[in-house]
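**Q** Before I ask anything, let me first share the structure, which is written out below as structure tokens.
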Amino acid sequence: MLWKEKSAKAFEALSKISDDTMIKVLRNGDTTMLSQKELVAGDIVLLSTGDKIPADGRLLLSSGLAVDESALTGESVPAKKDADYIITDEKTPLAERANMLYSGNYITSGYGKMLITAVGDQTEIGKIAKELTGTDRTSTPLQEKLARLGKTITILGIIAAAVVFISELISFAITDGLHLEEVLNAFVTSIVLIVAAVPEGLPTIVAVSLSINIIKLSKQNALVKK
């Protein structure tokens, strides 16, 4: 569908914007500007207020440095960073590692120099994203409700068909007696009743309804991937 193609192109464009972000790097003793995807472990990055941290790294130099780490730790207050801080315990929580910077966070004040230790999927935020991607996909609330509705309709249809079948058998037995042809007719009537109870148009109605709402969301600049 057209909206799927537009969403895919929009997500691809957003991804390219992230990859093409230019970072100030010290490499081979010279200051240069590199895109985020060109960074490697061992590069030295220069960061200042407003910059997005492109990778995980150890602070080499800092001055009044504070970082918004809410995306990683959930802390709403910017974390103070200090290059001279020493960590002796390897199990120190991320929120308490004052001499480390992590990808995806933002510098709220000060400036610093960082030695990159991990990029891409090896960063802390990359590991979280990988774990989330690897989890089993569960059905949406709408899918669960539709499944329950389908089961309810099926059960009610079977009950109604059974009641009709038994009623017809009793009626035939009282009037003319039970004959094979009449029993078969009653059975066919019951099957038809079950088939008629199944809402064949429900998937189409749901699909149309969702499409209409996706169009409304797109007018508000919202992107729907799935």
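Here's how to read the names in the structure tokens: chain A, B, ... by the order shown, residue numbers from 1 in each chain, ligand numbers from 1 in the order shown.
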From the DSSP assignment of the backbone, select every residue of stretch 66-221 of chain A that is helix (DSSP H, G or I), and format the answer as a VMD selection string.

**A** chain A and resid 70 to 73 94 to 96 120 to 122 124 to 134 141 to 175 180 to 197 202 to 218

**Q** Atom CA of A:Ala79 to atom CA of A:Glu38: how many Å, to one decimal?

**A**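 For atom CA of A:Ala79 relative to atom CA of A:Glu38, the distance reads 27.5 Å.
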